[in-house]
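Enquirer: This is the content of coords_19.txt (compact mmCIF, C-alpha atoms):
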```txt
# COMPACT_ATOMS: atom_id res chain seq x y z
CA MET A 1 81.20 48.20 -47.66
CA LYS A 2 82.38 51.30 -49.55
CA LYS A 3 78.91 52.78 -49.26
CA PHE A 4 78.92 52.17 -45.51
CA LEU A 5 82.31 53.91 -45.16
CA ARG A 6 81.11 56.91 -47.18
CA VAL A 7 78.00 57.23 -45.00
CA LEU A 8 80.13 56.93 -41.87
CA ILE A 9 82.58 59.60 -43.09
CA PHE A 10 79.68 61.85 -44.10
CA LEU A 11 78.15 61.52 -40.63
CA LEU A 12 81.46 62.17 -38.93
CA ILE A 13 82.14 65.30 -40.98
CA PHE A 14 78.70 66.85 -41.15
CA GLY A 15 77.26 65.36 -37.97
CA SER A 16 80.00 66.84 -35.83
CA SER A 17 79.52 70.32 -37.27
CA SER A 18 76.29 70.66 -35.28
CA PHE A 19 78.32 70.16 -32.08
CA SER A 20 80.58 73.05 -32.93
CA GLN A 21 77.56 75.35 -33.19
CA GLU A 22 76.15 74.37 -29.81
CA LYS A 23 76.91 76.54 -26.81
CA ALA A 24 77.73 75.41 -23.32
CA PRO A 25 74.88 76.17 -20.91
CA PHE A 26 75.24 79.11 -18.56
CA ASP A 27 73.78 78.73 -15.08
CA SER A 28 73.48 82.10 -13.38
CA THR A 29 71.34 80.96 -10.47
CA LEU A 30 72.72 81.90 -7.07
CA PRO A 31 71.21 81.01 -3.71
CA ASP A 32 69.26 83.74 -1.93
CA LYS A 33 71.41 83.24 1.18
CA ILE A 34 74.92 81.90 1.50
CA SER A 35 77.85 82.11 3.89
CA ALA A 36 81.34 81.42 2.56
CA VAL A 37 84.67 81.12 4.33
CA PHE A 38 87.83 81.55 2.26
CA ASP A 39 90.73 79.43 3.52
CA TRP A 40 94.01 81.35 3.16
CA THR A 41 97.17 79.42 3.84
CA PHE A 42 99.65 80.68 1.27
CA GLU A 43 103.38 80.20 0.93
CA GLU A 44 103.81 83.80 -0.26
CA PRO A 45 102.11 86.87 1.23
CA LYS A 46 101.76 88.32 -2.28
CA ASP A 47 99.25 85.56 -3.12
CA THR A 48 96.68 87.41 -1.03
CA SER A 49 96.27 89.86 -3.89
CA MET A 50 94.87 87.21 -6.25
CA ALA A 51 92.93 85.58 -3.44
CA THR A 52 91.24 88.91 -2.76
CA ASN A 53 90.18 88.91 -6.40
CA PHE A 54 88.25 85.69 -5.67
CA ILE A 55 86.28 87.57 -3.03
CA SER A 56 85.67 90.42 -5.47
CA ASN A 57 84.42 87.93 -8.07
CA PHE A 58 82.06 86.45 -5.49
CA ILE A 59 80.63 89.90 -4.73
CA LYS A 60 80.39 90.86 -8.41
CA ALA A 61 78.49 87.65 -9.21
CA TYR A 62 75.90 88.50 -6.56
CA ASP A 63 75.70 92.13 -7.68
CA GLU A 64 75.01 91.01 -11.26
CA PHE A 65 72.96 87.83 -10.91
CA ASN A 66 71.24 88.08 -7.51
CA PRO A 67 71.41 91.66 -6.25
CA MET A 68 68.74 90.94 -3.63
CA GLY A 69 70.66 87.89 -2.37
CA GLU A 70 72.30 87.92 1.03
CA TYR A 71 75.79 86.67 1.67
CA LYS A 72 78.29 86.58 4.47
CA ILE A 73 81.99 86.27 3.74
CA ALA A 74 84.80 85.35 6.09
CA VAL A 75 88.51 84.85 5.53
CA VAL A 76 90.72 82.68 7.72
CA SER A 77 94.39 83.55 7.31
CA HIS A 78 96.81 80.97 8.68
CA GLY A 79 99.82 80.81 6.38
CA ALA A 80 102.54 83.23 5.31
CA ASP A 81 99.64 85.50 4.34
CA VAL A 82 99.41 86.62 8.00
CA LEU A 83 102.49 88.77 7.31
CA ILE A 84 100.39 91.31 5.42
CA PHE A 85 98.38 92.06 8.57
CA ALA A 86 101.41 93.14 10.62
CA LYS A 87 101.39 96.91 11.09
CA SER A 88 105.15 96.87 10.52
CA ASN A 89 104.55 95.48 6.99
CA TYR A 90 101.90 98.03 6.06
CA GLU A 91 104.01 99.96 3.54
CA LYS A 92 105.06 96.76 1.80
CA TYR A 93 101.47 95.46 1.45
CA LYS A 94 99.62 98.79 1.58
CA ASP A 95 97.46 98.23 -1.52
CA ILE A 96 96.14 94.85 -0.44
CA VAL A 97 95.72 95.85 3.21
CA ASP A 98 93.74 98.96 2.25
CA ARG A 99 91.60 96.92 -0.14
CA LEU A 100 90.82 94.31 2.52
CA LYS A 101 90.08 96.98 5.12
CA SER A 102 87.68 98.62 2.68
CA MET A 103 85.96 95.28 2.04
CA THR A 104 85.43 94.76 5.77
CA LYS A 105 83.69 98.13 5.96
CA SER A 106 81.74 98.00 2.68
CA TYR A 107 80.69 94.34 2.64
CA GLY A 108 80.98 93.27 6.26
CA ILE A 109 83.69 90.73 5.49
CA LYS A 110 85.22 89.21 8.63
CA ILE A 111 88.93 88.43 8.59
CA TYR A 112 90.33 86.00 11.14
CA VAL A 113 94.08 85.68 11.63
CA CYS A 114 95.69 82.66 13.28
CA ARG A 115 97.61 83.46 16.46
CA ASN A 116 99.81 80.37 15.96
CA SER A 117 100.95 81.66 12.57
CA LEU A 118 101.54 85.13 13.97
CA ARG A 119 103.73 83.65 16.70
CA PHE A 120 105.62 81.54 14.16
CA PHE A 121 106.56 84.73 12.31
CA GLY A 122 107.32 86.61 15.53
CA ILE A 123 104.42 89.03 15.18
CA LYS A 124 102.92 90.27 18.43
CA GLU A 125 99.17 90.64 18.75
CA GLU A 126 99.47 94.39 19.29
CA ASP A 127 101.29 94.66 15.93
CA VAL A 128 98.26 93.35 13.97
CA GLN A 129 95.93 95.57 11.96
CA PRO A 130 92.85 96.43 14.04
CA PHE A 131 90.30 95.52 11.35
CA VAL A 132 91.04 91.77 11.73
CA THR A 133 90.25 89.37 14.56
CA ILE A 134 92.97 87.16 16.00
CA VAL A 135 91.88 83.58 16.75
CA PRO A 136 93.73 80.84 18.66
CA ALA A 137 94.13 78.56 15.62
CA GLY A 138 93.11 79.04 11.99
CA VAL A 139 92.07 75.42 11.56
CA VAL A 140 89.76 75.63 14.58
CA GLN A 141 88.19 78.82 13.21
CA LEU A 142 87.59 77.10 9.87
CA ALA A 143 85.82 74.23 11.63
CA LYS A 144 83.82 76.62 13.81
CA LEU A 145 82.60 78.64 10.83
CA GLN A 146 81.66 75.49 8.94
CA GLN A 147 79.70 74.34 11.96
CA GLU A 148 77.89 77.69 11.81
CA GLY A 149 76.89 76.97 8.19
CA TYR A 150 79.70 78.62 6.25
CA LYS A 151 80.73 76.80 3.07
CA LEU A 152 84.47 76.24 2.73
CA VAL A 153 86.12 77.90 -0.26
CA PRO A 154 89.74 76.77 -0.56
CA ALA A 155 91.66 79.69 -2.06
CA VAL A 156 94.13 78.01 -4.38
CA VAL A 157 96.31 80.52 -6.18
CA HIS A 158 98.06 79.68 -9.43
CA ASP A 159 99.76 81.77 -12.06
CA LEU A 160 97.13 81.37 -14.77
CA ASN A 161 99.25 83.33 -17.23
CA LYS A 162 101.54 80.31 -17.57
CA ALA A 163 98.65 78.16 -18.75
CA LYS A 164 97.22 80.94 -20.90
CA ASN A 165 100.52 81.31 -22.73
CA GLN A 166 100.61 77.56 -23.44
CA LYS A 167 97.17 77.25 -25.01
```
Output the file's structure in the form of structure tokens.

Expert:
Amino acid sequence: MKKFLRVLIFLLIFGSSSFSQEKAPFDSTLPDKISAVFDWTFEEPKDTSMATNFISNFIKAYDEFNPMGEYKIAVVSHGADVLIFAKSNYEKYKDIVDRLKSMTKSYGIKIYVCRNSLRFFGIKEEDVQPFVTIVPAGVVQLAKLQQEGYKLVPAVVHDLNKAKNQK
């Protein structure tokens, strides 16, 4: 019995060391064509900054791992995030608005803003940035784009620094 326990302990100690030397696999394959729609429905307009980073990461992944790949990106904004697209809020959200406007020009990103959400916040259609498209309802636009083959990407924003500091 003692011999069995020693063998078991030996295997546990030295057998597990091979696991610590193994690396997780890295899969860098990306499809040659993809269409993605990012679903923005945030409680805070400031969350659009991090959500825009998701789009940047998407583009960077294609630039690095499939530079010949083709992609289409759309954003449907139908939460408090619509506030950043009001011309009257430009100074407050200038950095993010300019970044998004640049992405629409450089990468052909389409941004759709929900008219229902605009009305909820008292924003008139003529007060919306001209580089976005106003749609009757964000949820309908999401369904429409998915019907056209776009893959839904829920943009969930969290403060990752909280988790990082707890590790």

Enquirer: Could you state the separation of atom CA of Met103 of chain A and atom CA of Arg119 of chain A in Å, given to one decimal place?

Expert: 25.8 Å

Enquirer: I need the residue nearest Val157 of chain A from this list: A:Gln21, A:Gln141, A:Thr41, A:Ser102. Use all atoms listed in the file for the distance.

Expert: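 Of all the options, A:Thr41 lies closest to Val157 of chain A.
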
Enquirer: Of the candidates A:Lys72, A:Lys110, A:Lys87, A:Lys92, which one gets nearest to Glu126 of chain A if we count only C-alpha atoms?

Expert: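 Closest to Glu126 of chain A of all the choices is A:Lys87.
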
Enquirer: What's the separation between atom CA of Asn53 of chain A and atom CA of Ile73 of chain A, in Å to one decimal place?

Expert: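 Atom CA of Ile73 of chain A lies 13.3 Å from atom CA of Asn53 of chain A.
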
Enquirer: Give me, please, the distance in Å between atom CA of Thr104 of chain A and atom CA of Phe131 of chain A, quoted to one decimal.

Expert: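 Computing it gives 7.4 Å between the two atoms.
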
Enquirer: As AutoDock Vina command-line options, what would the box around segment 112-121 of chain A look like: edges along x, y and z, 6 Å added on every side, centre and edge lengths in Å to one decimal?

Expert:
```
--center_x 98.4 --center_y 83.2 --center_z 13.9 --size_x 28.2 --size_y 17.6 --size_z 17.6
```

Enquirer: Counting all atoms listed in the file, which residue out of A:Cys114, A:Phe121, A:Thr52, A:Gly149 sits closest to Pro136 of chain A?

Expert: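 Residue with the minimum atom-to-atom distance to Pro136 of chain A: A:Cys114.
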
Enquirer: Counting all atoms listed in the file, which of A:Tyr112, A:Phe85, A:Glu22, A:Gly79 gets nearest to Val128 of chain A?

Expert: A:Phe85

Enquirer: Skipping near chain neighbours, those fewer than 5 positions away, what residues fall within 12 Å of segment 146-148 of chain A using all atoms listed in the file, listed as a count of residues only?

Expert: 14

Enquirer: Please complete segment 72-83 of chain A so it has all heavy atoms, and hand it over as a PDB file, in the frame of the given file.

Expert:
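Result file follows (out.pdb):
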```pdb
ATOM      1  N   LYS A  72      77.313  86.249   3.441  1.00  0.00           N
ATOM      2  CA  LYS A  72      78.290  86.580   4.470  1.00  0.00           C
ATOM      3  C   LYS A  72      79.610  85.968   4.012  1.00  0.00           C
ATOM      4  O   LYS A  72      79.639  84.827   3.546  1.00  0.00           O
ATOM      5  CB  LYS A  72      77.891  86.002   5.833  1.00  0.00           C
ATOM      6  CG  LYS A  72      76.690  86.675   6.452  1.00  0.00           C
ATOM      7  CD  LYS A  72      76.526  86.305   7.915  1.00  0.00           C
ATOM      8  CE  LYS A  72      75.850  84.980   8.074  1.00  0.00           C
ATOM      9  NZ  LYS A  72      75.561  84.630   9.481  1.00  0.00           N
ATOM     10  N   ILE A  73      80.665  86.732   4.162  1.00  0.00           N
ATOM     11  CA  ILE A  73      81.990  86.270   3.740  1.00  0.00           C
ATOM     12  C   ILE A  73      82.951  86.400   4.911  1.00  0.00           C
ATOM     13  O   ILE A  73      82.978  87.415   5.595  1.00  0.00           O
ATOM     14  CB  ILE A  73      82.513  87.084   2.539  1.00  0.00           C
ATOM     15  CG1 ILE A  73      81.591  86.916   1.327  1.00  0.00           C
ATOM     16  CG2 ILE A  73      83.940  86.671   2.195  1.00  0.00           C
ATOM     17  CD1 ILE A  73      81.960  87.807   0.160  1.00  0.00           C
ATOM     18  N   ALA A  74      83.735  85.345   5.095  1.00  0.00           N
ATOM     19  CA  ALA A  74      84.800  85.350   6.090  1.00  0.00           C
ATOM     20  C   ALA A  74      86.083  84.865   5.423  1.00  0.00           C
ATOM     21  O   ALA A  74      86.040  84.122   4.445  1.00  0.00           O
ATOM     22  CB  ALA A  74      84.444  84.455   7.272  1.00  0.00           C
ATOM     23  N   VAL A  75      87.198  85.297   5.967  1.00  0.00           N
ATOM     24  CA  VAL A  75      88.510  84.850   5.530  1.00  0.00           C
ATOM     25  C   VAL A  75      89.233  84.345   6.768  1.00  0.00           C
ATOM     26  O   VAL A  75      89.211  85.000   7.811  1.00  0.00           O
ATOM     27  CB  VAL A  75      89.321  86.001   4.892  1.00  0.00           C
ATOM     28  CG1 VAL A  75      90.756  85.571   4.624  1.00  0.00           C
ATOM     29  CG2 VAL A  75      88.658  86.509   3.625  1.00  0.00           C
ATOM     30  N   VAL A  76      89.865  83.180   6.645  1.00  0.00           N
ATOM     31  CA  VAL A  76      90.720  82.680   7.720  1.00  0.00           C
ATOM     32  C   VAL A  76      92.134  82.627   7.159  1.00  0.00           C
ATOM     33  O   VAL A  76      92.422  81.889   6.228  1.00  0.00           O
ATOM     34  CB  VAL A  76      90.273  81.301   8.242  1.00  0.00           C
ATOM     35  CG1 VAL A  76      91.262  80.783   9.282  1.00  0.00           C
ATOM     36  CG2 VAL A  76      88.867  81.386   8.840  1.00  0.00           C
ATOM     37  N   SER A  77      92.998  83.445   7.738  1.00  0.00           N
ATOM     38  CA  SER A  77      94.390  83.550   7.310  1.00  0.00           C
ATOM     39  C   SER A  77      95.270  82.791   8.285  1.00  0.00           C
ATOM     40  O   SER A  77      95.324  83.133   9.468  1.00  0.00           O
ATOM     41  CB  SER A  77      94.782  85.033   7.259  1.00  0.00           C
ATOM     42  OG  SER A  77      96.152  85.177   7.013  1.00  0.00           O
ATOM     43  N   HIS A  78      95.967  81.756   7.780  1.00  0.00           N
ATOM     44  CA  HIS A  78      96.810  80.970   8.680  1.00  0.00           C
ATOM     45  C   HIS A  78      98.046  80.405   7.989  1.00  0.00           C
ATOM     46  O   HIS A  78      98.535  79.331   8.311  1.00  0.00           O
ATOM     47  CB  HIS A  78      95.999  79.857   9.383  1.00  0.00           C
ATOM     48  CG  HIS A  78      95.322  78.904   8.465  1.00  0.00           C
ATOM     49  ND1 HIS A  78      95.594  77.561   8.467  1.00  0.00           N
ATOM     50  CD2 HIS A  78      94.353  79.078   7.527  1.00  0.00           C
ATOM     51  CE1 HIS A  78      94.824  76.942   7.579  1.00  0.00           C
ATOM     52  NE2 HIS A  78      94.073  77.846   6.996  1.00  0.00           N
ATOM     53  N   GLY A  79      98.567  81.175   7.047  1.00  0.00           N
ATOM     54  CA  GLY A  79      99.820  80.810   6.380  1.00  0.00           C
ATOM     55  C   GLY A  79     100.733  82.025   6.384  1.00  0.00           C
ATOM     56  O   GLY A  79     100.597  82.917   7.221  1.00  0.00           O
ATOM     57  N   ALA A  80     101.640  82.078   5.417  1.00  0.00           N
ATOM     58  CA  ALA A  80     102.540  83.230   5.310  1.00  0.00           C
ATOM     59  C   ALA A  80     101.761  84.513   5.019  1.00  0.00           C
ATOM     60  O   ALA A  80     102.272  85.620   5.218  1.00  0.00           O
ATOM     61  CB  ALA A  80     103.582  82.987   4.222  1.00  0.00           C
ATOM     62  N   ASP A  81     100.515  84.358   4.615  1.00  0.00           N
ATOM     63  CA  ASP A  81      99.640  85.500   4.340  1.00  0.00           C
ATOM     64  C   ASP A  81      99.432  86.374   5.581  1.00  0.00           C
ATOM     65  O   ASP A  81      99.112  87.553   5.457  1.00  0.00           O
ATOM     66  CB  ASP A  81      98.294  85.045   3.795  1.00  0.00           C
ATOM     67  CG  ASP A  81      97.849  83.720   4.364  1.00  0.00           C
ATOM     68  OD1 ASP A  81      98.370  82.687   3.903  1.00  0.00           O
ATOM     69  OD2 ASP A  81      96.988  83.700   5.258  1.00  0.00           O
ATOM     70  N   VAL A  82      99.605  85.821   6.785  1.00  0.00           N
ATOM     71  CA  VAL A  82      99.410  86.620   8.000  1.00  0.00           C
ATOM     72  C   VAL A  82     100.387  87.798   8.044  1.00  0.00           C
ATOM     73  O   VAL A  82     100.122  88.794   8.718  1.00  0.00           O
ATOM     74  CB  VAL A  82      99.530  85.785   9.308  1.00  0.00           C
ATOM     75  CG1 VAL A  82      98.529  84.644   9.320  1.00  0.00           C
ATOM     76  CG2 VAL A  82     100.943  85.299   9.550  1.00  0.00           C
ATOM     77  N   LEU A  83     101.487  87.693   7.323  1.00  0.00           N
ATOM     78  CA  LEU A  83     102.490  88.770   7.310  1.00  0.00           C
ATOM     79  C   LEU A  83     101.918  90.094   6.816  1.00  0.00           C
ATOM     80  O   LEU A  83     102.375  91.156   7.235  1.00  0.00           O
ATOM     81  CB  LEU A  83     103.694  88.360   6.467  1.00  0.00           C
ATOM     82  CG  LEU A  83     104.554  87.230   7.042  1.00  0.00           C
ATOM     83  CD1 LEU A  83     105.519  86.697   5.996  1.00  0.00           C
ATOM     84  CD2 LEU A  83     105.292  87.719   8.275  1.00  0.00           C
TER      85      LEU A  83
END
```
